[in-house]
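Structure, as structure tokens:
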Amino acid sequence: MKFAEYNKFNLSEINKEMLAQWNAENLFEQSMTTREGCPSFVFYEGPPSANGMPGIHHVMARTIKDIFCRYKTMKGFHVKRKAGWDTHGLPVELGVEKSLGITKEDIGKKISVDDYNAACRQEVMKYTKEWTNLTNSMGYWVDLDNPYVTYHNSYIESCWWLLKQLYDKGYLYKGYTIQPYSPAAGTGLSSHELNQPGCYRDVKDTTCIALFDITDPKPEMTGWGRPCFIAWTTTPWTLPSNTALCVGPTIDYSVVRTYNPYSGEKVTVTLATALIDSVFNPKAKEIALDQYQKGDKLVPYETVASFKGTDLVGMHYEQLLPWVNPGEGAFRVIPGDYVSTEDGTGIVHIAGTFGADDLRVSRAAGVPPLHMIDKAGNIRPMVDFSGRFFRIEDLDPEFVAKMVNEPLYSQWAGRYVKNAYDPEATEETETLDVAICMDLKASGKVFKIEKHVHSYPHCWRTDK
């Protein structure tokens, strides 16, 4: 076999020449017809979505796919390279809603479901021509004449059929796990999405160190006001869902006599020894406890005992915000291998319905998460999919009657956890974190409230 020699290495011209030859000789079609009856190598392309323009990264990915298909063809396999179009997903919906000037809430009101679906079908195939041109110009061999399309009923019904087979074999179960969720976009976010550059950003939030009243204090924790565990959180809106406190088994903890800086009340607090100087002002260390006057900037403190984390495991405390009863086994100290003394108090506030580590350690210790039950019977965290505390009317009436303290919870029901989700919020609107911290301050259940800059995930589609 002779190969052409080139006196100029012009890749663009070589590309055009080879494409012309392949097309003239129908090489792609021949590669399949000559392999009829041979062992098959199945290839269904992970389908692109034609609602957006193709990019160079698609060329790179398709080149890798093409290499394997060509190799298998050369090895004697019959490779039917089936193309496809991904026609589901949020990007399509957001594009349609933007072009029509509507939101999810308008579907079925300002526009019918049928008209909305029709607009989505049209939008999702908008750039089919551009994708076809790219496919041909890069020499990517794939059958575009008989693609699978994910909005076709044949495809949808096949997926439901497969799911039924899994269900019939007992491979599906209903459970609860932690997944990042974007109320603004109305979808969950994968770890891949959150790991994209720029998704984690520094934001300034209200944080607090909450006081958890100990119900079975050790003798060293008594004799000076209320005995309390103190735990720091950058998300005070999760405090109503607290079900446990977590300590590091090998971490050293100290029992410290001091005063509540806001109320002037005597308290005996327990925290990690290594973090005493970050929680208390070291300048107040030499001040005698009895010299303190309410309102003094320097609050004296005195260490009276030390314990290992394992000594604290199993102790109990009162529910901080008794809005919802999670059931038996909650409100006790549990061990956790991820607790550190880098910041905070060395005691981690556990809300098993909001943190993956929280759920893991609370499950291991037999601590129930604080679940809500909505009207459809679904297990939910305290915050609904729109980003606000569940409204009473959206919850199961039997669940409310048994588990919800309506007088306490009702004033918070419907509050958005972030003003970014609240369509009526203004720059002057008080954030929920501040409101909860002020409520805790009024009831003497908070030790410190301050602004704190920390890294927080944002939705890459909506920037919220």
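Identifiers in the structure tokens: chain A, B, ... in order shown; residue index from 1 per chain; ligand index from 1 in order shown.
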Backbone DSSP call of strand (DSSP E) for segment 204-373 of chain A, listed as a PyMOL selection string: chain A and resi 204-213+226-233+244-247+252-259+266-272+302-308+332-335+347-350+372-373
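Around Ala244 of chain A, within 6 Å and counting only C-alpha atoms, the residues found are Phe331, Arg332, Val333 and Ile350 of chain A, once anything fewer than 5 positions away on its own chain is removed.
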Output N, CA and C atoms of each residue in that selection to a file, as a PDB file, in the first residue's frame.
ATOM      1  N   PHE A 331     -29.788  14.056  71.445  1.00  0.00           N
ATOM      2  CA  PHE A 331     -29.292  15.022  72.429  1.00  0.00           C
ATOM      3  C   PHE A 331     -28.307  14.395  73.423  1.00  0.00           C
ATOM      4  N   ARG A 332     -27.295  13.768  72.851  1.00  0.00           N
ATOM      5  CA  ARG A 332     -26.205  13.233  73.648  1.00  0.00           C
ATOM      6  C   ARG A 332     -24.878  13.430  72.922  1.00  0.00           C
ATOM      7  N   VAL A 333     -23.794  13.246  73.633  1.00  0.00           N
ATOM      8  CA  VAL A 333     -22.454  13.432  73.081  1.00  0.00           C
ATOM      9  C   VAL A 333     -21.990  12.130  72.433  1.00  0.00           C
ATOM     10  N   ILE A 350     -24.137  18.652  65.661  1.00  0.00           N
ATOM     11  CA  ILE A 350     -24.514  17.638  64.687  1.00  0.00           C
ATOM     12  C   ILE A 350     -25.962  17.832  64.243  1.00  0.00           C
TER      13      ILE A 350
END
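The environment of Gln411 of chain A within 12 Å, counting only C-alpha atoms and disregarding residues fewer than 3 places along the same chain, consists of Trp323, Phe389, Phe390, Arg391, Ile392, Asn405, Glu406, Pro407, Leu408, Gly414, Arg415, Leu432, Ala435, Ile436 and Asp439 of chain A.
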At a cut-off of 9 Å, can you tabulate as a Markdown table every residue of segment 341-412 of chain A near segment 215-230 of chain A together with its closest atom pair and the distance in Å to one decimal, using only C-alpha atoms and ordering rows by chain then number?
| residue | atom | partner | partner_atom | distance |
| --- | --- | --- | --- | --- |
| A:Thr345 | CA | A:Ile230 | CA | 6.8 |
| A:Gly346 | CA | A:Ile230 | CA | 8.9 |
| A:Ile347 | CA | A:Ile230 | CA | 6.9 |
| A:Val348 | CA | A:Ile230 | CA | 8.9 |
| A:His349 | CA | A:Ile230 | CA | 8.9 |
Residues within 9 Å of Ser31 of chain A, only C-alpha atoms, excluding chain neighbours under 3 positions, as a PyMOL selection string: chain A and resi 26-28+34-35+70+73-74+78-79
Residue contacts of segment 281-298 of chain A (10 Å, only C-alpha atoms) excluding same-chain residues fewer than 2 positions away, as a count of residues only: 18
Minimum-distance residue to Trp141 of chain A, chosen among A:Glu29, A:Asp252, A:Leu162, A:Leu245 (using only C-alpha atoms):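 Closest residue, counting only C-alpha atoms: A:Glu29.
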Given only C-alpha atoms as the counted atoms, nearest of A:Thr206, A:Ser386, A:Thr273, A:Ser49 to Glu130 of chain A: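 The answer is A:Ser49, which sits nearest to Glu130 of chain A.
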Who sits within 12 Å of Ile178 of chain A, only C-alpha atoms, same chain under 5 positions skipped, as a PyMOL selection string: chain A and resi 188-191+351-360+369+380-381
Best match for closeness to Met138 of chain A among A:Leu166, A:Val124, A:Ile14, A:Leu90, counting only C-alpha atoms: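 The closest residue to Met138 of chain A is A:Ile14.
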